[in-house]
file my_file.json (JSON, C-alpha atoms and all ligand atoms)
[["chain", "number", "residue", "atom", "x", "y", "z"],
["M", 1, "MET", "CA", 135.10, 13.90, 61.08],
["M", 2, "SER", "CA", 137.89, 16.17, 60.03],
["M", 3, "ASN", "CA", 138.71, 18.87, 62.49],
["M", 4, "ALA", "CA", 141.72, 20.01, 64.48],
["M", 5, "HIS", "CA", 140.78, 17.81, 67.44],
["M", 6, "THR", "CA", 141.41, 14.63, 65.46],
["M", 7, "MET", "CA", 145.10, 15.50, 65.65],
["M", 8, "ARG", "CA", 145.15, 15.11, 69.43],
["M", 9, "GLN", "CA", 147.23, 12.34, 70.90],
["M", 10, "GLY", "CA", 145.75, 11.81, 74.34],
["M", 11, "VAL", "CA", 147.85, 12.03, 77.48],
["M", 12, "PRO", "CA", 150.36, 9.67, 79.09],
["M", 13, "VAL", "CA", 149.49, 8.33, 82.54],
["M", 14, "ALA", "CA", 152.12, 7.47, 85.16],
["M", 15, "VAL", "CA", 151.12, 5.65, 88.33],
["M", 16, "GLU", "CA", 154.09, 5.41, 90.69],
["M", 17, "GLY", "CA", 154.17, 3.59, 94.00],
["M", 18, "VAL", "CA", 150.44, 4.09, 94.50],
["M", 19, "SER", "CA", 148.61, 2.60, 97.46],
["M", 20, "LYS", "CA", 145.04, 3.22, 98.55],
["M", 21, "SER", "CA", 143.65, 2.26, 101.93],
["M", 22, "PHE", "CA", 140.03, 2.48, 102.99],
["M", 23, "LEU", "CA", 138.83, 2.67, 106.56],
["M", 24, "GLN", "CA", 136.72, -0.34, 107.43],
["M", 25, "GLY", "CA", 134.98, 0.30, 110.71],
["M", 26, "LYS", "CA", 136.75, 2.41, 113.30],
["M", 27, "ARG", "CA", 140.31, 1.23, 113.21],
["M", 28, "GLN", "CA", 140.68, -1.43, 110.53],
["M", 29, "THR", "CA", 142.02, -0.29, 107.19],
["M", 30, "HIS", "CA", 141.80, -2.25, 103.99],
["M", 31, "ARG", "CA", 144.48, -1.88, 101.31],
["M", 32, "ALA", "CA", 142.62, -1.82, 98.01],
["M", 33, "LEU", "CA", 145.84, -1.02, 96.10],
["M", 34, "ASN", "CA", 149.35, -1.85, 97.22],
["M", 35, "ASN", "CA", 152.37, -0.12, 95.65],
["M", 36, "VAL", "CA", 151.14, -0.07, 92.07],
["M", 37, "ASP", "CA", 153.38, 1.13, 89.22],
["M", 38, "LEU", "CA", 151.88, 1.53, 85.76],
["M", 39, "ALA", "CA", 152.93, 3.52, 82.69],
["M", 40, "ILE", "CA", 150.40, 4.23, 79.96],
["M", 41, "LYS", "CA", 151.49, 5.84, 76.69],
["M", 42, "ALA", "CA", 149.67, 8.84, 75.26],
["M", 43, "GLY", "CA", 146.77, 7.77, 73.10],
["M", 44, "SER", "CA", 147.11, 4.07, 73.89],
["M", 45, "THR", "CA", 144.44, 1.62, 75.02],
["M", 46, "VAL", "CA", 144.75, -0.35, 78.26],
["M", 47, "ALA", "CA", 142.58, -3.06, 79.80],
["M", 48, "LEU", "CA", 142.60, -3.72, 83.56],
["M", 49, "THR", "CA", 141.42, -7.20, 84.48],
["M", 50, "GLY", "CA", 141.37, -9.19, 87.69],
["M", 51, "PRO", "CA", 138.95, -10.80, 90.10],
["M", 52, "SER", "CA", 136.19, -8.85, 91.78],
["M", 53, "GLY", "CA", 137.73, -6.80, 94.60],
["M", 54, "SER", "CA", 141.21, -6.75, 93.04],
["M", 55, "GLY", "CA", 141.25, -2.94, 92.85],
["M", 56, "LYS", "CA", 140.28, -2.16, 89.24],
["M", 57, "SER", "CA", 137.64, 0.44, 90.04],
["M", 58, "THR", "CA", 139.82, 1.99, 92.73],
["M", 59, "LEU", "CA", 142.66, 2.45, 90.25],
["M", 60, "LEU", "CA", 140.29, 4.04, 87.70],
["M", 61, "HIS", "CA", 138.94, 6.41, 90.36],
["M", 62, "LEU", "CA", 142.45, 7.49, 91.33],
["M", 63, "ILE", "CA", 143.49, 8.13, 87.71],
["M", 64, "GLY", "CA", 140.22, 9.96, 87.05],
["M", 65, "GLY", "CA", 140.62, 12.21, 90.09],
["M", 66, "MET", "CA", 137.54, 10.85, 91.86],
["M", 67, "GLU", "CA", 139.63, 9.68, 94.83],
["M", 68, "ARG", "CA", 143.09, 10.44, 96.14],
["M", 69, "PRO", "CA", 145.86, 7.90, 96.68],
["M", 70, "SER", "CA", 147.03, 7.21, 100.25],
["M", 71, "GLU", "CA", 150.59, 7.03, 98.93],
["M", 72, "GLY", "CA", 152.38, 7.55, 95.63],
["M", 73, "HIS", "CA", 152.19, 9.79, 92.60],
["M", 74, "ILE", "CA", 149.71, 9.94, 89.72],
["M", 75, "THR", "CA", 150.71, 12.06, 86.74],
["M", 76, "VAL", "CA", 148.33, 12.53, 83.81],
["M", 77, "GLY", "CA", 149.83, 14.58, 81.02],
["M", 78, "GLU", "CA", 151.53, 17.45, 82.83],
["M", 79, "THR", "CA", 149.28, 17.23, 85.88],
["M", 80, "ARG", "CA", 150.24, 15.74, 89.24],
["M", 81, "VAL", "CA", 146.71, 14.57, 90.02],
["M", 82, "ASP", "CA", 147.55, 13.48, 93.59],
["M", 83, "GLN", "CA", 148.58, 17.04, 94.47],
["M", 84, "LEU", "CA", 145.58, 18.94, 93.14],
["M", 85, "SER", "CA", 143.36, 21.00, 95.41],
["M", 86, "VAL", "CA", 139.67, 20.10, 95.58],
["M", 87, "ARG", "CA", 138.90, 22.92, 93.19],
["M", 88, "ASP", "CA", 141.58, 21.93, 90.68],
["M", 89, "LEU", "CA", 140.45, 18.30, 90.89],
["M", 90, "THR", "CA", 136.99, 19.38, 89.74],
["M", 91, "ARG", "CA", 138.57, 21.19, 86.80],
["M", 92, "TYR", "CA", 140.83, 18.20, 86.07],
["M", 93, "ARG", "CA", 137.82, 15.84, 85.92],
["M", 94, "ARG", "CA", 136.35, 17.86, 83.05],
["M", 95, "ASN", "CA", 139.22, 16.54, 81.02],
["M", 96, "VAL", "CA", 138.29, 12.93, 81.74],
["M", 97, "GLY", "CA", 135.38, 11.08, 80.11],
["M", 98, "PHE", "CA", 133.70, 8.34, 82.17],
["M", 99, "VAL", "CA", 131.68, 5.37, 80.95],
["M", 100, "PHE", "CA", 130.03, 3.12, 83.57],
["M", 101, "GLN", "CA", 128.59, -0.39, 83.61],
["M", 102, "LYS", "CA", 125.04, 0.85, 84.18],
["M", 103, "PHE", "CA", 125.06, 3.72, 81.64],
["M", 104, "HIS", "CA", 123.76, 6.29, 84.19],
["M", 105, "LEU", "CA", 121.78, 8.32, 81.68],
["M", 106, "LEU", "CA", 119.43, 10.90, 83.17],
["M", 107, "PRO", "CA", 115.97, 9.33, 82.67],
["M", 108, "GLY", "CA", 114.09, 12.62, 82.34],
["M", 109, "LEU", "CA", 116.24, 14.02, 79.53],
["M", 110, "THR", "CA", 116.20, 13.19, 75.83],
["M", 111, "VAL", "CA", 119.14, 11.34, 74.34],
["M", 112, "ILE", "CA", 120.69, 14.51, 72.89],
["M", 113, "ASP", "CA", 120.27, 16.41, 76.16],
["M", 114, "ASN", "CA", 122.03, 13.57, 77.97],
["M", 115, "VAL", "CA", 124.97, 13.94, 75.58],
["M", 116, "ILE", "CA", 125.08, 17.71, 76.15],
["M", 117, "ALA", "CA", 124.69, 17.47, 79.96],
["M", 118, "PRO", "CA", 128.41, 17.44, 80.92],
["M", 119, "VAL", "CA", 129.11, 20.68, 79.03],
["M", 120, "LEU", "CA", 125.76, 22.36, 79.72],
["M", 121, "PRO", "CA", 127.07, 24.62, 82.51],
["M", 122, "ARG", "CA", 130.35, 25.34, 80.73],
["M", 123, "ARG", "CA", 131.49, 27.89, 78.23],
["M", 124, "VAL", "CA", 132.99, 25.93, 75.35],
["M", 125, "SER", "CA", 134.45, 26.73, 71.96],
["M", 126, "PHE", "CA", 132.06, 24.56, 69.96],
["M", 127, "LYS", "CA", 128.33, 24.52, 69.25],
["M", 128, "LYS", "CA", 126.99, 22.11, 71.87],
["M", 129, "SER", "CA", 123.92, 20.77, 70.06],
["M", 130, "ALA", "CA", 125.72, 20.43, 66.72],
["M", 131, "ARG", "CA", 128.54, 18.49, 68.34],
["M", 132, "ALA", "CA", 126.11, 16.29, 70.27],
["M", 133, "GLN", "CA", 124.25, 15.46, 67.06],
["M", 134, "GLU", "CA", 127.55, 14.71, 65.27],
["M", 135, "LEU", "CA", 128.55, 12.38, 68.10],
["M", 136, "LEU", "CA", 125.17, 10.62, 68.05],
["M", 137, "GLU", "CA", 125.67, 10.03, 64.33],
["M", 138, "SER", "CA", 129.16, 8.64, 64.96],
["M", 139, "VAL", "CA", 127.74, 6.10, 67.45],
["M", 140, "GLY", "CA", 124.95, 5.12, 65.03],
["M", 141, "LEU", "CA", 122.11, 6.93, 66.81],
["M", 142, "GLY", "CA", 121.70, 10.04, 64.68],
["M", 143, "ASP", "CA", 117.97, 9.40, 64.34],
["M", 144, "ARG", "CA", 117.35, 8.87, 68.10],
["M", 145, "ALA", "CA", 118.29, 12.33, 69.39],
["M", 146, "LEU", "CA", 114.79, 13.01, 70.71],
["M", 147, "SER", "CA", 114.16, 9.55, 72.14],
["M", 148, "MET", "CA", 114.10, 9.03, 75.90],
["M", 149, "PRO", "CA", 116.71, 6.67, 77.42],
["M", 150, "HIS", "CA", 114.13, 4.01, 78.40],
["M", 151, "GLU", "CA", 113.12, 3.70, 74.74],
["M", 152, "LEU", "CA", 116.61, 2.42, 73.88],
["M", 153, "SER", "CA", 118.20, -1.01, 74.35],
["M", 154, "GLY", "CA", 121.11, -1.43, 76.77],
["M", 155, "GLY", "CA", 123.63, -1.36, 73.94],
["M", 156, "GLN", "CA", 122.08, 1.81, 72.54],
["M", 157, "GLN", "CA", 122.12, 3.46, 75.99],
["M", 158, "GLN", "CA", 125.81, 2.66, 76.30],
["M", 159, "ARG", "CA", 126.39, 4.26, 72.88],
["M", 160, "VAL", "CA", 124.75, 7.42, 74.19],
["M", 161, "ALA", "CA", 126.96, 7.25, 77.30],
["M", 162, "ILE", "CA", 130.06, 7.02, 75.09],
["M", 163, "ALA", "CA", 128.97, 10.08, 73.09],
["M", 164, "ARG", "CA", 128.37, 11.91, 76.39],
["M", 165, "ALA", "CA", 131.81, 10.91, 77.69],
["M", 166, "VAL", "CA", 133.67, 12.55, 74.80],
["M", 167, "ILE", "CA", 131.59, 15.68, 74.20],
["M", 168, "GLY", "CA", 134.07, 17.88, 76.07],
["M", 169, "PHE", "CA", 137.09, 16.58, 74.10],
["M", 170, "PRO", "CA", 138.65, 14.72, 77.06],
["M", 171, "ASP", "CA", 142.30, 13.66, 76.87],
["M", 172, "LEU", "CA", 141.49, 10.54, 78.85],
["M", 173, "LEU", "CA", 138.58, 8.13, 78.60],
["M", 174, "ILE", "CA", 137.89, 5.77, 81.51],
["M", 175, "ALA", "CA", 135.39, 2.91, 81.31],
["M", 176, "ASP", "CA", 134.48, 0.71, 84.30],
["M", 177, "GLU", "CA", 133.03, -2.63, 83.14],
["M", 178, "PRO", "CA", 131.40, -0.94, 80.11],
["M", 179, "THR", "CA", 130.21, -4.28, 78.71],
["M", 180, "GLY", "CA", 129.18, -5.76, 82.07],
["M", 181, "SER", "CA", 125.45, -5.20, 81.56],
["M", 182, "LEU", "CA", 125.39, -6.34, 77.92],
["M", 183, "ASP", "CA", 125.33, -9.70, 76.12],
["M", 184, "GLY", "CA", 128.57, -10.94, 74.54],
["M", 185, "ALA", "CA", 128.04, -9.72, 70.97],
["M", 186, "THR", "CA", 126.71, -6.31, 72.04],
["M", 187, "GLY", "CA", 129.56, -6.00, 74.53],
["M", 188, "GLU", "CA", 132.13, -6.55, 71.81],
["M", 189, "GLU", "CA", 130.44, -3.95, 69.60],
["M", 190, "ILE", "CA", 130.57, -1.47, 72.48],
["M", 191, "MET", "CA", 134.24, -2.21, 73.07],
["M", 192, "GLN", "CA", 134.98, -1.68, 69.37],
["M", 193, "LEU", "CA", 133.10, 1.60, 69.56],
["M", 194, "LEU", "CA", 135.17, 2.70, 72.57],
["M", 195, "LEU", "CA", 138.35, 1.90, 70.62],
["M", 196, "THR", "CA", 137.29, 3.79, 67.48],
["M", 197, "THR", "CA", 136.00, 6.68, 69.59],
["M", 198, "SER", "CA", 139.28, 7.02, 71.47],
["M", 199, "ASP", "CA", 141.15, 6.78, 68.18],
["M", 200, "THR", "CA", 138.96, 9.40, 66.47],
["M", 201, "TRP", "CA", 139.13, 11.92, 69.31],
["M", 202, "GLY", "CA", 142.69, 11.14, 70.33],
["M", 203, "THR", "CA", 142.04, 10.02, 73.88],
["M", 204, "THR", "CA", 143.97, 7.58, 76.00],
["M", 205, "LEU", "CA", 141.57, 4.75, 76.96],
["M", 206, "VAL", "CA", 141.65, 2.77, 80.22],
["M", 207, "VAL", "CA", 139.01, 0.04, 80.58],
["M", 208, "ALA", "CA", 138.33, -2.23, 83.56],
["M", 209, "THR", "CA", 136.72, -5.45, 82.39],
["M", 210, "HIS", "CA", 136.00, -9.03, 83.38],
["M", 211, "ASN", "CA", 135.75, -9.97, 79.73],
["M", 212, "LEU", "CA", 139.05, -11.35, 78.39],
["M", 213, "LYS", "CA", 137.88, -11.02, 74.77],
["M", 214, "VAL", "CA", 137.31, -7.33, 75.43],
["M", 215, "ALA", "CA", 140.70, -7.01, 77.16],
["M", 216, "GLU", "CA", 142.49, -8.59, 74.19],
["M", 217, "LEU", "CA", 141.28, -5.76, 71.96],
["M", 218, "CYS", "CA", 143.44, -3.29, 73.92],
["M", 219, "GLN", "CA", 147.13, -2.65, 73.24],
["M", 220, "GLN", "CA", 148.12, -3.28, 76.84],
["M", 221, "HIS", "CA", 146.57, -5.73, 79.29],
["M", 222, "VAL", "CA", 147.24, -5.30, 83.00],
["M", 223, "GLN", "CA", 146.13, -8.01, 85.43],
["M", 224, "LEU", "CA", 145.48, -7.04, 89.03],
["M", 225, "VAL", "CA", 145.37, -9.49, 91.94],
["M", 226, "ASP", "CA", 144.75, -8.36, 95.52],
["M", 227, "GLY", "CA", 145.54, -4.73, 94.75],
["M", 228, "ALA", "CA", 148.85, -5.42, 93.02],
["M", 229, "ILE", "CA", 149.87, -5.84, 89.39],
["M", 230, "HIS", "CA", 150.22, -9.52, 88.70],
["M", 231, "ARG", "CA", 151.12, -9.36, 85.03],
["M", 232, "THR", "CA", 151.32, -6.86, 82.17],
["M", 233, "VAL", "CA", 151.03, -7.92, 78.53],
["M", 234, "GLY", "CA", 151.75, -5.58, 75.62],
["M", 235, "VAL", "CA", 153.41, -2.15, 75.23],
["R", 1, "LIG", "N1", 134.86, 3.35, 99.31],
["R", 1, "LIG", "C1", 135.32, 2.20, 99.80],
["R", 1, "LIG", "N2", 135.33, 1.97, 101.14],
["R", 1, "LIG", "C2", 135.83, 0.83, 101.65],
["R", 1, "LIG", "N3", 136.35, -0.17, 100.90],
["R", 1, "LIG", "C3", 136.37, 0.00, 99.58],
["R", 1, "LIG", "C4", 135.86, 1.19, 98.94],
["R", 1, "LIG", "N4", 136.02, 1.06, 97.59],
["R", 1, "LIG", "C5", 136.59, -0.15, 97.40],
["R", 1, "LIG", "N5", 136.81, -0.77, 98.57],
["R", 1, "LIG", "C6", 137.44, -2.10, 98.73],
["R", 1, "LIG", "O1", 138.64, -2.10, 97.97],
["R", 1, "LIG", "C7", 138.81, -3.36, 97.31],
["R", 1, "LIG", "C8", 138.93, -3.14, 95.83],
["R", 1, "LIG", "O2", 137.67, -2.73, 95.32],
["R", 1, "LIG", "P1", 137.43, -2.34, 93.81],
["R", 1, "LIG", "O3", 138.46, -1.37, 93.39],
["R", 1, "LIG", "O4", 136.01, -1.91, 93.70],
["R", 1, "LIG", "O5", 137.68, -3.72, 93.06],
["R", 1, "LIG", "P2", 137.21, -4.22, 91.61],
["R", 1, "LIG", "O6", 136.74, -3.03, 90.83],
["R", 1, "LIG", "O7", 138.41, -4.90, 91.03],
["R", 1, "LIG", "O8", 136.10, -5.20, 91.86],
["R", 1, "LIG", "C9", 137.61, -4.22, 97.73],
["R", 1, "LIG", "O9", 138.01, -5.04, 98.81],
["R", 1, "LIG", "C10", 136.60, -3.20, 98.14],
["R", 1, "LIG", "O10", 135.71, -3.76, 99.11],
["R", 2, "MG", "MG", 134.95, -2.60, 89.95]]

call {"tool": "encode", "arguments": {"input": "my_file.json", "output": "structure tokens", "more": "lines below"}}
Ligand SMILES: Nc1ncnc2c1ncn2[C@@H]1O[C@H](COP(=O)(O)OP(=O)(O)O)[C@@H](O)[C@H]1O
Ligand SMILES: [Mg+2]
result
Amino acid sequence: MSNAHTMRQGVPVAVEGVSKSFLQGKRQTHRALNNVDLAIKAGSTVALTGPSGSGKSTLLHLIGGMERPSEGHITVGETRVDQLSVRDLTRYRRNVGFVFQKFHLLPGLTVIDNVIAPVLPRRVSFKKSARAQELLESVGLGDRALSMPHELSGGQQQRVAIARAVIGFPDLLIADEPTGSLDGATGEEIMQLLLTTSDTWGTTLVVATHNLKVAELCQQHVQLVDGAIHRTVGV
């Protein structure tokens, strides 16, 4: 896969003094994140671990521009994500690839149309179907382009989801429990694929996971407890 995009380096991510509160009922607020500081180098791989409810998904959503922090700054590349307007947030999210626990493929579309879906309404500088086919080949599913999602195993569906996540050349790839619906061996294969995919396309990778084996494959390992960083290992 030699093209100019392989020279990309991903983006650095800076999370500074970030808190996120959710309203629970009329007056009660719940602090899902409490004064979190985290620095992620451009192009590096980071695992977020911690018990259920410790704030992993919330932190991914804030970095990915799906939610706004209650306090603090989030800078991704040159962008102050916490200060973007609704419209600019939508544009910012195009630059982020998402992979979810439950794949979330569109059941009525073929595999290749699922991969194309994120860029379908956009004008882009590459041939959409050719790039989708190339990505399917890179995830080992070059011969399944015309299959329907339900004809694939869970691991294969997650491979399609990874191809879909990177079709728009994102600078940042975010995965929330990407191995959570898969058996151990398949989960490790998927994690390896996420790592090689982020390396090939030059994206920074942030993965929330319960699986410590999966977390150990990342350069940096951040442990969250009760919405705060408990420990950071690596870079
Ligand atoms: N949209 C929401 N509204 C209210 N509370 C929320 C919302 N999202 C998350 N929370 C709460 O924030 C805390 C952290 O949740 P989450 O980030 O999903 O944790 P994790 O992904 O580590 O399991 C939990 O107590 C959860 O109930
Ligand atoms: Mg979660």

call {"tool": "residues_near_ligand", "arguments": {"input": "my_file.json", "ligand": "ligand MG 2 (chain R)", "cutoff": "10 Å", "atoms": "all atoms listed in the file", "output": "VMD selection string"}}
result
chain M and resid 49 to 61 100 to 101 176 to 177 208 to 210

call {"tool": "residues_around", "arguments": {"input": "my_file.json", "residues": "M:Ala117", "least_positions_apart": "4", "cutoff": "8 Å", "atoms": "all atoms listed in the file", "output": "PDB file with C-alpha atoms, in the coordinates of the input"}}
result
ATOM      1  CA  ASP M 113     120.270  16.410  76.160  1.00  0.00           C
ATOM      2  CA  PRO M 121     127.070  24.620  82.510  1.00  0.00           C
ATOM      3  CA  ARG M 164     128.370  11.910  76.390  1.00  0.00           C
TER       4      ARG M 164
END

call {"tool": "residues_near_point", "arguments": {"input": "my_file.json", "point": "(142.6, 12.1, 97.1)", "cutoff": "10 Å", "atoms": "only C-alpha atoms", "output": "VMD selection string"}}
result
chain M and resid 20 61 to 62 65 to 71 81 to 86 89

call {"tool": "write_last_selection", "arguments": {"input": "my_file.json", "atoms": "C-alpha atoms", "output": "mmCIF file, keeping the file's coordinate frame"}}
result
data_model
loop_
_atom_site.group_PDB
_atom_site.id
_atom_site.type_symbol
_atom_site.label_atom_id
_atom_site.label_comp_id
_atom_site.auth_asym_id
_atom_site.auth_seq_id
_atom_site.Cartn_x
_atom_site.Cartn_y
_atom_site.Cartn_z
ATOM 1 C CA LYS M 20 145.040 3.220 98.550
ATOM 2 C CA HIS M 61 138.940 6.410 90.360
ATOM 3 C CA LEU M 62 142.450 7.490 91.330
ATOM 4 C CA GLY M 65 140.620 12.210 90.090
ATOM 5 C CA MET M 66 137.540 10.850 91.860
ATOM 6 C CA GLU M 67 139.630 9.680 94.830
ATOM 7 C CA ARG M 68 143.090 10.440 96.140
ATOM 8 C CA PRO M 69 145.860 7.900 96.680
ATOM 9 C CA SER M 70 147.030 7.210 100.250
ATOM 10 C CA GLU M 71 150.590 7.030 98.930
ATOM 11 C CA VAL M 81 146.710 14.570 90.020
ATOM 12 C CA ASP M 82 147.550 13.480 93.590
ATOM 13 C CA GLN M 83 148.580 17.040 94.470
ATOM 14 C CA LEU M 84 145.580 18.940 93.140
ATOM 15 C CA SER M 85 143.360 21.000 95.410
ATOM 16 C CA VAL M 86 139.670 20.100 95.580
ATOM 17 C CA LEU M 89 140.450 18.300 90.890
#

call {"tool": "atom_distance", "arguments": {"input": "my_file.json", "atom1": "atom CA of M:Leu193", "atom2": "atom CA of M:Ile229"}}
result
27.0 Å

call {"tool": "atom_distance", "arguments": {"input": "my_file.json", "atom1": "atom CA of M:Leu172", "atom2": "atom CA of M:Pro12"}}
result
8.9 Å

call {"tool": "residues_around", "arguments": {"input": "my_file.json", "residues": "M:Gly43", "least_positions_apart": "6", "cutoff": "8 Å", "atoms": "only C-alpha atoms", "output": "mmCIF file with C-alpha atoms, keeping the file's coordinate frame"}}
result
data_model
loop_
_atom_site.group_PDB
_atom_site.id
_atom_site.type_symbol
_atom_site.label_atom_id
_atom_site.label_comp_id
_atom_site.auth_asym_id
_atom_site.auth_seq_id
_atom_site.Cartn_x
_atom_site.Cartn_y
_atom_site.Cartn_z
ATOM 1 C CA GLN M 9 147.230 12.340 70.900
ATOM 2 C CA GLY M 10 145.750 11.810 74.340
ATOM 3 C CA VAL M 11 147.850 12.030 77.480
ATOM 4 C CA PRO M 12 150.360 9.670 79.090
ATOM 5 C CA SER M 198 139.280 7.020 71.470
ATOM 6 C CA ASP M 199 141.150 6.780 68.180
ATOM 7 C CA GLY M 202 142.690 11.140 70.330
ATOM 8 C CA THR M 203 142.040 10.020 73.880
ATOM 9 C CA THR M 204 143.970 7.580 76.000
ATOM 10 C CA LEU M 205 141.570 4.750 76.960
#

call {"tool": "closest_residue", "arguments": {"input": "my_file.json", "among": "M:Ile116, M:Val207, M:Val13, M:Ala32", "to": "ligand LIG 1 (chain R)", "atoms": "all atoms listed in the file"}}
result
M:Ala32

call {"tool": "closest_residue", "arguments": {"input": "my_file.json", "among": "M:Glu151, M:Gln156, M:Lys26, M:Val46", "to": "M:Leu195", "atoms": "all atoms listed in the file"}}
result
M:Val46

call {"tool": "atom_distance", "arguments": {"input": "my_file.json", "atom1": "atom CA of M:His73", "atom2": "atom CA of M:Val15"}}
result
6.0 Å

call {"tool": "residues_around", "arguments": {"input": "my_file.json", "residues": "M:Gln157", "least_positions_apart": "5", "cutoff": "12 Å", "atoms": "only C-alpha atoms", "output": "ChimeraX atom specification"}}
result
/M:99-107,110-112,114-115,136,139-141,144-145,147-152,162-164,178-179,181-182,186,190

call {"tool": "closest_residue", "arguments": {"input": "my_file.json", "among": "M:Arg131, M:Arg122, M:Arg91, M:Lys41", "to": "M:Val76", "atoms": "all atoms listed in the file"}}
result
M:Lys41

call {"tool": "closest_residue", "arguments": {"input": "my_file.json", "among": "M:Val225, M:Thr79, M:Asp37, M:Met191", "to": "ligand LIG 1 (chain R)", "atoms": "only C-alpha atoms and all ligand atoms"}}
result
M:Val225

call {"tool": "closest_residue", "arguments": {"input": "my_file.json", "among": "M:Ala130, M:Val18, M:Gly168, M:Thr196", "to": "M:Gly142", "atoms": "all atoms listed in the file"}}
result
M:Ala130

call {"tool": "decode", "arguments": {"input": "my_file.json", "residues": "stretch 123-140 of chain M", "atoms": "N, CA and C atoms", "output": "mmCIF file, in the first residue's frame"}}
result
data_model
loop_
_atom_site.group_PDB
_atom_site.id
_atom_site.type_symbol
_atom_site.label_atom_id
_atom_site.label_comp_id
_atom_site.auth_asym_id
_atom_site.auth_seq_id
_atom_site.Cartn_x
_atom_site.Cartn_y
_atom_site.Cartn_z
ATOM 1 N N ARG M 123 -17.597 14.743 -0.964
ATOM 2 C CA ARG M 123 -16.697 14.823 -2.111
ATOM 3 C C ARG M 123 -15.296 14.513 -1.591
ATOM 4 N N VAL M 124 -14.652 13.529 -2.163
ATOM 5 C CA VAL M 124 -13.330 13.126 -1.685
ATOM 6 C C VAL M 124 -12.379 13.004 -2.869
ATOM 7 N N SER M 125 -11.077 12.945 -2.535
ATOM 8 C CA SER M 125 -10.065 13.005 -3.590
ATOM 9 C C SER M 125 -9.648 11.619 -4.069
ATOM 10 N N PHE M 126 -10.370 10.583 -3.621
ATOM 11 C CA PHE M 126 -10.001 9.236 -4.049
ATOM 12 C C PHE M 126 -11.240 8.530 -4.610
ATOM 13 N N LYS M 127 -11.003 7.439 -5.319
ATOM 14 C CA LYS M 127 -12.100 6.656 -5.889
ATOM 15 C C LYS M 127 -12.674 5.787 -4.769
ATOM 16 N N LYS M 128 -13.942 6.055 -4.399
ATOM 17 C CA LYS M 128 -14.493 5.436 -3.189
ATOM 18 C C LYS M 128 -14.517 3.905 -3.259
ATOM 19 N N SER M 129 -15.021 3.358 -4.376
ATOM 20 C CA SER M 129 -15.160 1.901 -4.418
ATOM 21 C C SER M 129 -13.798 1.220 -4.519
ATOM 22 N N ALA M 130 -12.850 1.843 -5.213
ATOM 23 C CA ALA M 130 -11.513 1.244 -5.325
ATOM 24 C C ALA M 130 -10.829 1.235 -3.962
ATOM 25 N N ARG M 131 -10.987 2.349 -3.223
ATOM 26 C CA ARG M 131 -10.368 2.379 -1.894
ATOM 27 C C ARG M 131 -11.047 1.395 -0.948
ATOM 28 N N ALA M 132 -12.356 1.280 -1.023
ATOM 29 C CA ALA M 132 -13.074 0.330 -0.159
ATOM 30 C C ALA M 132 -12.605 -1.094 -0.443
ATOM 31 N N GLN M 133 -12.454 -1.428 -1.718
ATOM 32 C CA GLN M 133 -11.996 -2.773 -2.076
ATOM 33 C C GLN M 133 -10.565 -3.000 -1.565
ATOM 34 N N GLU M 134 -9.719 -1.992 -1.712
ATOM 35 C CA GLU M 134 -8.333 -2.102 -1.228
ATOM 36 C C GLU M 134 -8.323 -2.336 0.291
ATOM 37 N N LEU M 135 -9.189 -1.610 0.999
ATOM 38 C CA LEU M 135 -9.242 -1.776 2.454
ATOM 39 C C LEU M 135 -9.776 -3.157 2.824
ATOM 40 N N LEU M 136 -10.779 -3.641 2.103
ATOM 41 C CA LEU M 136 -11.289 -4.993 2.384
ATOM 42 C C LEU M 136 -10.188 -6.018 2.179
ATOM 43 N N GLU M 137 -9.372 -5.825 1.144
ATOM 44 C CA GLU M 137 -8.253 -6.753 0.943
ATOM 45 C C GLU M 137 -7.277 -6.667 2.110
ATOM 46 N N SER M 138 -7.021 -5.451 2.588
ATOM 47 C CA SER M 138 -6.041 -5.302 3.675
ATOM 48 C C SER M 138 -6.547 -5.907 4.988
ATOM 49 N N VAL M 139 -7.864 -6.058 5.151
ATOM 50 C CA VAL M 139 -8.371 -6.718 6.365
ATOM 51 C C VAL M 139 -8.715 -8.186 6.097
ATOM 52 N N GLY M 140 -8.311 -8.703 4.933
ATOM 53 C CA GLY M 140 -8.471 -10.125 4.636
ATOM 54 C C GLY M 140 -9.849 -10.516 4.131
#
